[in-house]
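run21.cif (mmCIF, C-alpha atoms (C1' of nucleotides)) appears below.
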data_structure
#
loop_
_atom_site.group_PDB
_atom_site.id
_atom_site.type_symbol
_atom_site.label_atom_id
_atom_site.label_comp_id
_atom_site.auth_asym_id
_atom_site.auth_seq_id
_atom_site.Cartn_x
_atom_site.Cartn_y
_atom_site.Cartn_z
ATOM 1 C CA MET E 1440 -3.871 -18.731 12.515
ATOM 2 C CA PRO E 1441 -2.582 -15.585 11.025
ATOM 3 C CA GLU E 1442 -5.248 -12.916 10.854
ATOM 4 C CA LEU E 1443 -4.892 -9.185 10.308
ATOM 5 C CA PRO E 1444 -2.649 -8.455 13.333
ATOM 6 C CA GLU E 1445 -0.275 -11.324 12.604
ATOM 7 C CA VAL E 1446 0.010 -10.499 8.905
ATOM 8 C CA GLU E 1447 0.439 -6.826 9.745
ATOM 9 C CA THR E 1448 3.293 -7.718 12.103
ATOM 10 C CA ILE E 1449 5.073 -9.702 9.390
ATOM 11 C CA LYS E 1450 4.459 -6.931 6.880
ATOM 12 C CA ARG E 1451 6.161 -4.346 9.082
ATOM 13 C CA GLN E 1452 9.093 -6.650 9.733
ATOM 14 C CA LEU E 1453 9.488 -7.512 6.061
ATOM 15 C CA ASN E 1454 9.450 -3.833 5.177
ATOM 16 C CA ARG E 1455 12.190 -3.223 7.701
ATOM 17 C CA GLU E 1456 14.364 -6.078 6.448
ATOM 18 C CA ILE E 1457 13.905 -6.496 2.731
ATOM 19 C CA THR E 1458 12.498 -3.334 1.183
ATOM 20 C CA GLY E 1459 15.054 -2.011 -1.272
ATOM 21 C CA LYS E 1460 16.865 -5.335 -1.408
ATOM 22 C CA LYS E 1461 17.377 -7.426 -4.503
ATOM 23 C CA ILE E 1462 16.104 -10.986 -4.768
ATOM 24 C CA THR E 1463 19.155 -12.849 -5.991
ATOM 25 C CA GLY E 1464 17.706 -16.329 -5.929
ATOM 26 C CA VAL E 1465 14.576 -18.358 -5.251
ATOM 27 C CA GLU E 1466 14.545 -22.015 -4.326
ATOM 28 C CA VAL E 1467 11.202 -23.752 -4.746
ATOM 29 C CA LEU E 1468 10.980 -26.910 -2.641
ATOM 30 C CA ALA E 1469 7.229 -27.428 -3.098
ATOM 31 C CA VAL E 1470 5.937 -26.520 -6.532
ATOM 32 C CA ARG E 1471 2.306 -26.695 -5.433
ATOM 33 C CA THR E 1472 2.863 -23.810 -3.063
ATOM 34 C CA LEU E 1473 3.223 -21.618 -6.151
ATOM 35 C CA ARG E 1474 0.050 -20.561 -7.925
ATOM 36 C CA THR E 1475 2.169 -19.477 -10.873
ATOM 37 C CA SER E 1476 4.294 -21.862 -12.922
ATOM 38 C CA LYS E 1477 7.739 -22.240 -11.457
ATOM 39 C CA ALA E 1478 9.409 -20.988 -14.640
ATOM 40 C CA GLN E 1479 7.245 -17.877 -14.763
ATOM 41 C CA PHE E 1480 7.701 -17.229 -11.085
ATOM 42 C CA LEU E 1481 11.475 -17.443 -11.239
ATOM 43 C CA GLU E 1482 11.641 -15.327 -14.340
ATOM 44 C CA GLY E 1483 9.472 -12.618 -12.831
ATOM 45 C CA VAL E 1484 11.116 -12.558 -9.425
ATOM 46 C CA VAL E 1485 14.831 -13.302 -9.590
ATOM 47 C CA GLY E 1486 16.829 -10.138 -10.088
ATOM 48 C CA ALA E 1487 13.991 -7.825 -9.062
ATOM 49 C CA LYS E 1488 14.126 -5.474 -6.096
ATOM 50 C CA ILE E 1489 11.475 -5.276 -3.381
ATOM 51 C CA LYS E 1490 9.868 -1.881 -3.740
ATOM 52 C CA SER E 1491 7.493 -2.193 -0.795
ATOM 53 C CA VAL E 1492 5.570 -4.702 1.268
ATOM 54 C CA GLU E 1493 1.864 -4.172 1.826
ATOM 55 C CA ARG E 1494 -0.959 -5.966 3.559
ATOM 56 C CA ARG E 1495 -4.553 -6.195 2.399
ATOM 57 C CA ALA E 1496 -6.930 -8.382 4.425
ATOM 58 C CA LYS E 1497 -4.773 -11.372 5.354
ATOM 59 C CA LEU E 1498 -2.743 -11.141 2.162
ATOM 60 C CA LEU E 1499 0.854 -10.025 2.001
ATOM 61 C CA ILE E 1500 1.837 -8.162 -1.142
ATOM 62 C CA LEU E 1501 5.477 -7.837 -2.120
ATOM 63 C CA ASN E 1502 5.704 -5.167 -4.775
ATOM 64 C CA LEU E 1503 8.671 -5.557 -7.090
ATOM 65 C CA ASN E 1504 10.397 -2.891 -9.151
ATOM 66 C CA ASN E 1505 9.515 -4.600 -12.452
ATOM 67 C CA GLY E 1506 5.739 -4.134 -12.485
ATOM 68 C CA SER E 1507 4.973 -7.443 -10.797
ATOM 69 C CA SER E 1508 3.886 -8.218 -7.266
ATOM 70 C CA ILE E 1509 4.052 -11.397 -5.248
ATOM 71 C CA LEU E 1510 0.669 -12.060 -3.685
ATOM 72 C CA THR E 1511 1.045 -14.431 -0.776
ATOM 73 C CA HIS E 1512 -1.325 -15.933 1.765
ATOM 74 C CA LEU E 1513 -0.241 -17.691 4.953
ATOM 75 C CA LYS E 1514 -3.599 -19.461 5.336
ATOM 76 C CA MET E 1515 -3.353 -21.510 8.527
ATOM 77 C CA THR E 1516 0.260 -22.382 9.116
ATOM 78 C CA GLY E 1517 2.337 -20.239 6.768
ATOM 79 C CA GLN E 1518 5.382 -18.447 8.170
ATOM 80 C CA TYR E 1519 7.978 -16.124 6.741
ATOM 81 C CA VAL E 1520 11.154 -16.529 8.724
ATOM 82 C CA TYR E 1521 14.255 -14.428 8.334
ATOM 83 C CA ASP E 1522 17.562 -16.237 8.373
ATOM 84 C CA GLY E 1523 16.081 -19.381 9.902
ATOM 85 C CA GLU E 1524 17.075 -22.919 9.136
ATOM 86 C CA ALA E 1525 15.313 -24.733 6.316
ATOM 87 C CA HIS E 1526 13.319 -27.714 7.603
ATOM 88 C CA LYS E 1527 10.706 -30.294 6.663
ATOM 89 C CA HIS E 1528 8.020 -27.683 6.099
ATOM 90 C CA THR E 1529 10.079 -25.144 4.210
ATOM 91 C CA ARG E 1530 8.418 -24.628 0.820
ATOM 92 C CA VAL E 1531 10.197 -21.657 -0.742
ATOM 93 C CA ILE E 1532 13.490 -19.915 0.041
ATOM 94 C CA PHE E 1533 14.278 -16.368 -1.083
ATOM 95 C CA SER E 1534 17.890 -15.236 -1.141
ATOM 96 C CA PHE E 1535 18.914 -11.609 -0.846
ATOM 97 C CA GLY E 1536 22.605 -11.699 -1.601
ATOM 98 C CA PRO E 1537 24.946 -14.385 -0.316
ATOM 99 C CA LYS E 1538 24.020 -14.120 3.365
ATOM 100 C CA LEU E 1539 20.375 -13.252 3.878
ATOM 101 C CA LYS E 1540 17.601 -15.777 3.301
ATOM 102 C CA ILE E 1541 13.880 -15.688 3.983
ATOM 103 C CA MET E 1542 12.080 -19.015 4.322
ATOM 104 C CA PHE E 1543 8.444 -19.617 3.578
ATOM 105 C CA ASN E 1544 7.443 -22.496 5.854
ATOM 106 C CA ASP E 1545 3.983 -24.014 5.719
ATOM 107 C CA MET E 1546 3.203 -27.229 7.522
ATOM 108 C CA ARG E 1547 -0.296 -27.733 6.129
ATOM 109 C CA ARG E 1548 0.489 -26.453 2.654
ATOM 110 C CA PHE E 1549 -2.597 -24.261 2.351
ATOM 111 C CA GLY E 1550 -0.555 -21.120 1.878
ATOM 112 C CA TYR E 1551 0.513 -19.887 -1.522
ATOM 113 C CA LEU E 1552 2.569 -17.436 -3.550
ATOM 114 C CA LYS E 1553 1.399 -16.021 -6.813
ATOM 115 C CA LEU E 1554 2.903 -13.570 -9.262
ATOM 116 C CA VAL E 1555 0.548 -10.853 -10.502
ATOM 117 C CA LYS E 1556 0.770 -7.547 -12.325
ATOM 118 C CA THR E 1557 0.904 -4.740 -9.785
ATOM 119 C CA VAL E 1558 -1.437 -2.648 -11.894
ATOM 120 C CA ASP E 1559 -4.167 -5.313 -11.722
ATOM 121 C CA LEU E 1560 -4.139 -5.478 -7.942
ATOM 122 C CA PRO E 1561 -6.337 -2.562 -6.851
ATOM 123 C CA LYS E 1562 -9.301 -3.762 -8.878
ATOM 124 C CA PHE E 1563 -8.891 -7.359 -7.790
ATOM 125 C CA LEU E 1564 -8.597 -6.432 -4.124
ATOM 126 C CA ALA E 1565 -11.562 -4.089 -4.239
ATOM 127 C CA ASN E 1566 -13.684 -6.850 -5.756
ATOM 128 C CA GLU E 1567 -12.696 -9.566 -3.337
ATOM 129 C CA TYR E 1568 -12.384 -7.765 -0.028
ATOM 130 C CA GLY E 1569 -14.412 -5.420 2.135
ATOM 131 C CA PRO E 1570 -12.907 -2.413 3.912
ATOM 132 C CA GLU E 1571 -9.899 -2.587 6.198
ATOM 133 C CA PRO E 1572 -11.204 -2.280 9.755
ATOM 134 C CA LEU E 1573 -8.340 -0.055 10.900
ATOM 135 C CA GLU E 1574 -8.608 2.443 8.045
ATOM 136 C CA LYS E 1575 -9.969 5.885 8.896
ATOM 137 C CA SER E 1576 -12.637 5.466 6.231
ATOM 138 C CA PHE E 1577 -14.069 2.480 8.106
ATOM 139 C CA THR E 1578 -16.683 4.189 10.235
ATOM 140 C CA VAL E 1579 -19.465 2.842 12.395
ATOM 141 C CA GLN E 1580 -21.898 3.915 9.674
ATOM 142 C CA LYS E 1581 -19.953 1.802 7.224
ATOM 143 C CA LEU E 1582 -20.127 -1.212 9.521
ATOM 144 C CA SER E 1583 -23.826 -0.656 9.945
ATOM 145 C CA GLU E 1584 -24.367 -0.639 6.166
ATOM 146 C CA ILE E 1585 -22.246 -3.748 5.763
ATOM 147 C CA LEU E 1586 -24.227 -5.659 8.365
ATOM 148 C CA LYS E 1587 -27.470 -4.706 6.643
ATOM 149 C CA ARG E 1588 -26.285 -6.470 3.491
ATOM 150 C CA ARG E 1589 -26.599 -9.843 5.281
ATOM 151 C CA PRO E 1590 -29.404 -9.247 7.765
ATOM 152 C CA ASN E 1591 -29.860 -12.909 8.700
ATOM 153 C CA MET E 1592 -26.214 -13.749 9.098
ATOM 154 C CA LYS E 1593 -24.919 -14.346 12.603
ATOM 155 C CA ILE E 1594 -22.706 -11.486 13.713
ATOM 156 C CA LYS E 1595 -19.593 -13.562 14.269
ATOM 157 C CA GLN E 1596 -19.862 -14.957 10.763
ATOM 158 C CA SER E 1597 -20.444 -11.499 9.302
ATOM 159 C CA LEU E 1598 -17.243 -10.322 10.941
ATOM 160 C CA MET E 1599 -15.314 -13.206 9.391
ATOM 161 C CA GLU E 1600 -16.719 -12.736 5.889
ATOM 162 C CA GLN E 1601 -13.810 -11.254 3.934
ATOM 163 C CA LYS E 1602 -16.063 -9.701 1.304
ATOM 164 C CA LEU E 1603 -17.831 -7.723 4.018
ATOM 165 C CA ILE E 1604 -14.867 -6.755 6.221
ATOM 166 C CA ALA E 1605 -11.258 -7.703 5.578
ATOM 167 C CA GLY E 1606 -8.823 -9.449 7.859
ATOM 168 C CA ILE E 1607 -10.898 -10.801 10.745
ATOM 169 C CA GLY E 1608 -10.718 -14.540 11.409
ATOM 170 C CA ASN E 1609 -11.892 -16.975 14.036
ATOM 171 C CA ILE E 1610 -9.804 -15.605 16.880
ATOM 172 C CA TYR E 1611 -10.589 -11.906 16.656
ATOM 173 C CA ALA E 1612 -14.233 -12.370 15.673
ATOM 174 C CA GLN E 1613 -14.786 -14.174 18.972
ATOM 175 C CA GLU E 1614 -12.755 -11.645 20.917
ATOM 176 C CA ALA E 1615 -14.628 -8.716 19.381
ATOM 177 C CA CYS E 1616 -18.003 -10.264 20.259
ATOM 178 C CA PHE E 1617 -16.887 -10.819 23.841
ATOM 179 C CA MET E 1618 -15.512 -7.324 24.195
ATOM 180 C CA ALA E 1619 -18.735 -5.891 22.792
ATOM 181 C CA ARG E 1620 -20.721 -8.144 25.159
ATOM 182 C CA VAL E 1621 -22.783 -9.425 22.269
ATOM 183 C CA LEU E 1622 -23.524 -13.107 21.647
ATOM 184 C CA PRO E 1623 -21.794 -14.402 18.500
ATOM 185 C CA THR E 1624 -25.082 -16.010 17.457
ATOM 186 C CA ARG E 1625 -27.049 -12.763 17.247
ATOM 187 C CA SER E 1626 -28.343 -11.986 13.774
ATOM 188 C CA ALA E 1627 -27.072 -8.802 12.189
ATOM 189 C CA LYS E 1628 -30.560 -7.359 11.948
ATOM 190 C CA SER E 1629 -31.227 -7.879 15.661
ATOM 191 C CA LEU E 1630 -28.383 -5.578 16.668
ATOM 192 C CA LYS E 1631 -29.290 -2.172 18.062
ATOM 193 C CA PRO E 1632 -27.242 0.878 17.094
ATOM 194 C CA ASP E 1633 -25.447 0.992 20.438
ATOM 195 C CA GLU E 1634 -24.477 -2.667 20.026
ATOM 196 C CA ILE E 1635 -23.115 -2.021 16.550
ATOM 197 C CA GLN E 1636 -21.155 0.858 18.013
ATOM 198 C CA LYS E 1637 -19.701 -1.469 20.652
ATOM 199 C CA ILE E 1638 -18.824 -4.081 18.052
ATOM 200 C CA TYR E 1639 -17.161 -1.397 15.955
ATOM 201 C CA ASP E 1640 -15.120 -0.142 18.898
ATOM 202 C CA SER E 1641 -14.214 -3.700 19.892
ATOM 203 C CA ILE E 1642 -12.952 -4.667 16.454
ATOM 204 C CA ARG E 1643 -10.688 -1.639 16.305
ATOM 205 C CA LYS E 1644 -9.511 -2.034 19.870
ATOM 206 C CA VAL E 1645 -8.740 -5.749 19.757
ATOM 207 C CA MET E 1646 -6.934 -5.432 16.408
ATOM 208 C CA THR E 1647 -4.882 -2.464 17.561
ATOM 209 C CA GLU E 1648 -3.959 -4.156 20.831
ATOM 210 C CA ALA E 1649 -3.071 -7.415 19.102
ATOM 211 C CA ILE E 1650 -0.771 -5.606 16.671
ATOM 212 C CA LYS E 1651 0.873 -3.902 19.624
ATOM 213 C CA TYR E 1652 1.693 -7.323 21.088
ATOM 214 C CA GLY E 1653 2.826 -8.733 17.743
ATOM 215 C CA GLY E 1654 -0.223 -10.933 17.230
ATOM 216 C CA SER E 1655 -1.359 -14.231 18.735
ATOM 217 C CA SER E 1656 0.549 -17.484 18.416
ATOM 218 C CA ALA E 1657 -2.476 -19.644 19.128
ATOM 219 C CA GLU E 1658 -1.398 -22.374 16.763
ATOM 220 C CA ASN E 1659 2.019 -22.083 15.196
ATOM 221 C CA TYR E 1660 2.282 -18.476 14.148
ATOM 222 C CA LEU E 1661 5.790 -17.039 14.219
ATOM 223 C CA ASN E 1662 6.925 -13.589 13.217
ATOM 224 C CA LEU E 1663 9.742 -12.855 10.789
ATOM 225 C CA TYR E 1664 12.343 -13.411 13.484
ATOM 226 C CA GLY E 1665 10.920 -16.803 14.408
ATOM 227 C CA LYS E 1666 9.368 -15.460 17.617
ATOM 228 C CA GLU E 1667 5.845 -16.001 18.924
ATOM 229 C CA GLY E 1668 3.369 -13.165 19.228
ATOM 230 C CA GLY E 1669 2.545 -11.972 22.730
ATOM 231 C CA PHE E 1670 -1.217 -11.574 22.575
ATOM 232 C CA VAL E 1671 -2.369 -15.066 23.653
ATOM 233 C CA PRO E 1672 -2.429 -14.184 27.386
ATOM 234 C CA HIS E 1673 -4.757 -11.310 26.491
ATOM 235 C CA LEU E 1674 -7.298 -13.490 24.704
ATOM 236 C CA LYS E 1675 -10.526 -13.549 26.662
ATOM 237 C CA VAL E 1676 -12.414 -16.370 24.973
ATOM 238 C CA TYR E 1677 -10.588 -17.945 22.026
ATOM 239 C CA GLY E 1678 -9.311 -21.382 22.992
ATOM 240 C CA ARG E 1679 -10.712 -21.021 26.543
ATOM 241 C CA GLY E 1680 -13.828 -23.234 26.344
ATOM 242 C CA LYS E 1681 -14.763 -24.737 29.783
ATOM 243 C CA GLU E 1682 -12.430 -22.285 31.483
ATOM 244 C CA LYS E 1683 -13.602 -19.431 33.682
ATOM 245 C CA CYS E 1684 -14.668 -16.144 32.164
ATOM 246 C CA ARG E 1685 -12.032 -13.549 33.022
ATOM 247 C CA ARG E 1686 -14.753 -11.011 33.619
ATOM 248 C CA CYS E 1687 -17.424 -12.834 35.668
ATOM 249 C CA GLY E 1688 -15.941 -16.222 36.540
ATOM 250 C CA SER E 1689 -18.650 -18.363 34.987
ATOM 251 C CA ILE E 1690 -17.717 -21.271 32.726
ATOM 252 C CA LEU E 1691 -17.254 -20.344 29.075
ATOM 253 C CA LYS E 1692 -19.384 -22.173 26.530
ATOM 254 C CA THR E 1693 -18.219 -23.692 23.232
ATOM 255 C CA ILE E 1694 -20.479 -24.053 20.212
ATOM 256 C CA LYS E 1695 -19.967 -24.565 16.504
ATOM 257 C CA LEU E 1696 -20.815 -21.722 14.195
ATOM 258 C CA GLY E 1697 -20.406 -22.248 10.486
ATOM 259 C CA GLY E 1698 -18.324 -25.299 11.263
ATOM 260 C CA ARG E 1699 -15.893 -23.342 13.424
ATOM 261 C CA GLY E 1700 -15.357 -23.509 17.140
ATOM 262 C CA THR E 1701 -16.819 -20.532 18.981
ATOM 263 C CA VAL E 1702 -16.376 -19.694 22.657
ATOM 264 C CA TYR E 1703 -18.431 -17.152 24.565
ATOM 265 C CA CYS E 1704 -19.718 -16.247 28.012
ATOM 266 C CA GLU E 1705 -23.445 -16.761 28.546
ATOM 267 C CA LYS E 1706 -23.489 -14.276 31.369
ATOM 268 C CA CYS E 1707 -21.472 -11.426 29.889
ATOM 269 C CA GLN E 1708 -22.721 -11.625 26.316
ATOM 270 C CA LYS E 1709 -26.357 -10.920 25.483
ATOM 271 C "C1'" DG N 1044 -7.639 -44.948 15.721
ATOM 272 C "C1'" DT N 1045 -10.607 -40.928 16.189
ATOM 273 C "C1'" DA N 1046 -11.898 -36.346 16.714
ATOM 274 C "C1'" DC N 1047 -10.605 -31.860 16.231
ATOM 275 C "C1'" DT N 1048 -8.206 -27.631 14.631
ATOM 276 C "C1'" DT N 1049 -8.869 -23.565 10.533
ATOM 277 C "C1'" DG N 1050 -8.907 -19.768 5.799
ATOM 278 C "C1'" DT N 1051 -10.562 -20.134 1.654
ATOM 279 C "C1'" DT N 1052 -12.656 -22.170 -2.397
ATOM 280 C "C1'" DG N 1053 -15.944 -24.302 -4.989
ATOM 281 C "C1'" DA N 1054 -19.944 -27.184 -5.235
ATOM 282 C "C1'" DA N 1055 -24.630 -27.720 -4.103
ATOM 283 C "C1'" DC N 1056 -28.929 -26.136 -2.540
ATOM 284 C "C1'" DG N 1057 -33.238 -23.513 -2.543
ATOM 285 C "C1'" DT X 792 -28.476 -14.606 -9.727
ATOM 286 C "C1'" DC X 793 -27.984 -14.628 -4.953
ATOM 287 C "C1'" DG X 794 -27.392 -15.974 -0.218
ATOM 288 C "C1'" DT X 795 -26.041 -19.616 2.427
ATOM 289 C "C1'" DT X 796 -24.213 -24.021 3.943
ATOM 290 C "C1'" DC X 797 -20.920 -27.522 3.714
ATOM 291 C "C1'" DA X 798 -17.175 -30.550 2.248
ATOM 292 C "C1'" DA X 799 -12.538 -30.479 0.961
ATOM 293 C "C1'" DC X 800 -7.883 -29.376 1.451
ATOM 294 C "C1'" DA X 801 -3.374 -30.870 4.999
ATOM 295 C "C1'" DA X 802 -1.093 -32.493 8.746
ATOM 296 C "C1'" DG X 803 -0.478 -32.198 13.202
ATOM 297 C "C1'" DT X 804 -2.153 -32.579 18.336
ATOM 298 C "C1'" DA X 805 -4.988 -34.482 22.172
#
Please rewrite the model in this file as C-alpha cells.
Amino acid sequence: MPELPEVETIKRQLNREITGKKITGVEVLAVRTLRTSKAQFLEGVVGAKIKSVERRAKLLILNLNNGSSILTHLKMTGQYVYDGEAHKHTRVIFSFGPKLKIMFNDMRRFGYLKLVKTVDLPKFLANEYGPEPLEKSFTVQKLSEILKRRPNMKIKQSLMEQKLIAGIGNIYAQEACFMARVLPTRSAKSLKPDEIQKIYDSIRKVMTEAIKYGGSSAENYLNLYGKEGGFVPHLKVYGRGKEKCRRCGSILKTIKLGGRGTVYCEKCQK
DNA sequence: GTACTTGTTGAACG
DNA sequence: TCGTTCAACAAGTA
C-alpha cells in the first residue's frame, strides 16, 4: 500500500527520469482509470512537457508546461513502472519519444489520473489535506493542536486521517505507535505531552527511514524501476500479528480499528 | 467457497 | 453542520 514514503520514492525517480521530457503519446487501456474524459485528457497531455513532479500526501502531481497538472493516486495497488512490459493490469501508457514508456499498472483499479489546472491546486490541496509530516513547519505543537481537534478519536486513526495529517496510512500509523510505545487505541485527549512528543518523533523517524530504504513492499508496491522497497524487514508490527515482538519477545496482538487490521505489543505499548 | 487485505469516498447516523 | 462509523469499490491471496 503506497503511503508517503512509497509515493515519495516514485516522485524522486520520476523527477530523475521524466522531468523536462515531452509526452509524445498516451495510450488509455482502461477509461475508468481516468477521472477526466479521455478526449480532454489526451488533448491536455499529449505534446506537453513535464515541468516537475511533486508529491502531496499520497498524491503524485505531474506539472506540465501548459498550465495543467496530472493529479494521480496509486490507492492500493497502483504502480508507475519505467520501461516495463505492458500486462493484464496496465491501465495507461505514457510515451516519451520512440523508446521510453512509463506504464501505470493497477490491479485493483482504485487508482486514478485526473487533469487539473495547476493554478487551482494549492487551494484544493490545502482544503483536503493536513500538513506534511516531514515539513519543517510541522512541529510538535502543530501535532498537539491537530490532535485536540478530534479529542475522542483513537490515536492511530487520527494519524491516518488525511485532513489532519497527510500521507500516513495503515502501515506507518501502526509503526509510529509502536515506536512511540503508545497503544493505537488511546484517545487523543488521553495523551500526555511527552507521549505526543514521542509520537511526533516516531512519525518523522519512521517516515525518514522508510524513504531511505525506498518504502515498504508489503503488498505489491514497486518503484519506478519495477523493484521492491527494502523497508519490510524493518517493520516492527505491521503484518506481524501472532509473531514475537522484536523488542520484548511477547506475542503481538491483532485487533480491528476503524475496520482496518492493527497490530501492537501489549507489553511495550501503554 | 469464504474470509481477509486496504485508501478513499459518500451515505447514514445522532 | 459536524463528527464519526461503515459499506462499497476491486481483485487477488490464504
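Of the residues under consideration (E:Gly1680, E:Gly1668, E:Pro1537, E:Gly1698), E:Gly1698 shows the shortest atom-to-atom contact distance to chain N when counting only C-alpha atoms (C1' of nucleotides).
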Can you give me, as a compact mmCIF listing (two decimals) with C-alpha atoms (C1' of nucleotides), in the frame of the given file, the residues this file yields under the PyMOL selection byres ((chain X) within 10 of (chain E))?
# COMPACT_ATOMS: atom_id res chain seq x y z
C1' DG X 794 -27.39 -15.97 -0.22
C1' DT X 795 -26.04 -19.62 2.43
C1' DT X 796 -24.21 -24.02 3.94
C1' DC X 797 -20.92 -27.52 3.71
C1' DC X 800 -7.88 -29.38 1.45
C1' DA X 801 -3.37 -30.87 5.00
C1' DA X 802 -1.09 -32.49 8.75
C1' DG X 803 -0.48 -32.20 13.20
(request) Counting only C-alpha atoms (C1' of nucleotides), figure out which residue out of E:Gln1613, E:Asn1454, E:Thr1516, E:Ser1476 gets nearest to chain N. (result) E:Thr1516
Using the chain letters and numbering of this document, enumerate as a PDB file with C-alpha atoms (C1' of nucleotides), in the frame of the given file the residues selected by the PyMOL selection byres ((chain N) within 9 of (chain E)).
ATOM      1  C1'  DT N1048      -8.206 -27.631  14.631  1.00  0.00           C
ATOM      2  C1'  DT N1049      -8.869 -23.565  10.533  1.00  0.00           C
ATOM      3  C1'  DG N1050      -8.907 -19.768   5.799  1.00  0.00           C
ATOM      4  C1'  DT N1051     -10.562 -20.134   1.654  1.00  0.00           C
TER       5       DT N1051
END
(request) Rank nothing, just name the residue among E:Phe1670, E:Gly1536, E:His1526, E:Tyr1703 nearest to Lys1683 (chain E), using only C-alpha atoms. (result) E:Tyr1703
(message) Selection in question (the file shown): the PyMOL selection byres ((chain E and resi 1528) around 10). Which residues does it include, as a PyMOL selection string?
(response) chain E and resi 1468-1469+1516-1518+1525-1527+1529-1531+1542-1548
(request) Work out how far CA of Leu1499 (chain E) is from CA of Asn1662 (chain E), in Å to one decimal. (result) 13.2 Å
(request) For the point (-15.6, -2.9, 16.4) in the file's frame, write as number ranges by chain all residues with an atom no more than 12 Å away, counting all atoms listed in the file. (result) E: 1571-1573, 1577-1583, 1594-1595, 1598, 1604, 1607, 1611-1621, 1633-1647
Got time to write the residues from that selection, C-alpha atoms, as a JSON list (two decimals), in the frame of the given file?
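Result written to part.json:
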[["chain", "number", "residue", "atom", "x", "y", "z"],
["E", 1571, "GLU", "CA", -9.90, -2.59, 6.20],
["E", 1572, "PRO", "CA", -11.20, -2.28, 9.76],
["E", 1573, "LEU", "CA", -8.34, -0.06, 10.90],
["E", 1577, "PHE", "CA", -14.07, 2.48, 8.11],
["E", 1578, "THR", "CA", -16.68, 4.19, 10.24],
["E", 1579, "VAL", "CA", -19.46, 2.84, 12.40],
["E", 1580, "GLN", "CA", -21.90, 3.92, 9.67],
["E", 1581, "LYS", "CA", -19.95, 1.80, 7.22],
["E", 1582, "LEU", "CA", -20.13, -1.21, 9.52],
["E", 1583, "SER", "CA", -23.83, -0.66, 9.94],
["E", 1594, "ILE", "CA", -22.71, -11.49, 13.71],
["E", 1595, "LYS", "CA", -19.59, -13.56, 14.27],
["E", 1598, "LEU", "CA", -17.24, -10.32, 10.94],
["E", 1604, "ILE", "CA", -14.87, -6.76, 6.22],
["E", 1607, "ILE", "CA", -10.90, -10.80, 10.74],
["E", 1611, "TYR", "CA", -10.59, -11.91, 16.66],
["E", 1612, "ALA", "CA", -14.23, -12.37, 15.67],
["E", 1613, "GLN", "CA", -14.79, -14.17, 18.97],
["E", 1614, "GLU", "CA", -12.76, -11.64, 20.92],
["E", 1615, "ALA", "CA", -14.63, -8.72, 19.38],
["E", 1616, "CYS", "CA", -18.00, -10.26, 20.26],
["E", 1617, "PHE", "CA", -16.89, -10.82, 23.84],
["E", 1618, "MET", "CA", -15.51, -7.32, 24.20],
["E", 1619, "ALA", "CA", -18.74, -5.89, 22.79],
["E", 1620, "ARG", "CA", -20.72, -8.14, 25.16],
["E", 1621, "VAL", "CA", -22.78, -9.43, 22.27],
["E", 1633, "ASP", "CA", -25.45, 0.99, 20.44],
["E", 1634, "GLU", "CA", -24.48, -2.67, 20.03],
["E", 1635, "ILE", "CA", -23.12, -2.02, 16.55],
["E", 1636, "GLN", "CA", -21.16, 0.86, 18.01],
["E", 1637, "LYS", "CA", -19.70, -1.47, 20.65],
["E", 1638, "ILE", "CA", -18.82, -4.08, 18.05],
["E", 1639, "TYR", "CA", -17.16, -1.40, 15.96],
["E", 1640, "ASP", "CA", -15.12, -0.14, 18.90],
["E", 1641, "SER", "CA", -14.21, -3.70, 19.89],
["E", 1642, "ILE", "CA", -12.95, -4.67, 16.45],
["E", 1643, "ARG", "CA", -10.69, -1.64, 16.30],
["E", 1644, "LYS", "CA", -9.51, -2.03, 19.87],
["E", 1645, "VAL", "CA", -8.74, -5.75, 19.76],
["E", 1646, "MET", "CA", -6.93, -5.43, 16.41],
["E", 1647, "THR", "CA", -4.88, -2.46, 17.56]]
(message) Taking 2 positions as the minimum chain separation for residues in the same chain, which residues sit within 10 Å of DC1047 (chain N) when counting only C-alpha atoms (C1' of nucleotides)? Answer as a ChimeraX atom specification.
(response) /E:1700 /N:1045 /X:804-805
(request) Find the residue from E:Val1520, E:Ile1462, E:Thr1701, E:Ile1694 that sits nearest to Glu1482 (chain E); use all atoms listed in the file when measuring. (result)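 Closest to Glu1482 (chain E) of all the choices is E:Ile1462.
The coordinates place CA of Phe1535 (chain E) at 8.0 Å from CA of Ile1457 (chain E).
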(message) Report, in Å to a single decimal, how far apart CA of Glu1524 (chain E) and CA of Val1485 (chain E) are.
(response) 21.2 Å
(message) Given all atoms listed in the file as the basis, pick out the residue of E:Phe1533, E:Tyr1652, E:Tyr1664, E:Tyr1677 nearest to Lys1460 (chain E).
(response)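 So, comparing all the options, the nearest one is E:Phe1533.
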Report as AutoDock Vina command-line options the centre and the edge lengths, in Å to one decimal, of the axis-aligned box holding every listed atom of region 1691-1709 of chain E, padded by 8 Å on each side.
--center_x -20.9 --center_y -18.1 --center_z 20.9 --size_x 27.0 --size_y 30.4 --size_z 36.9
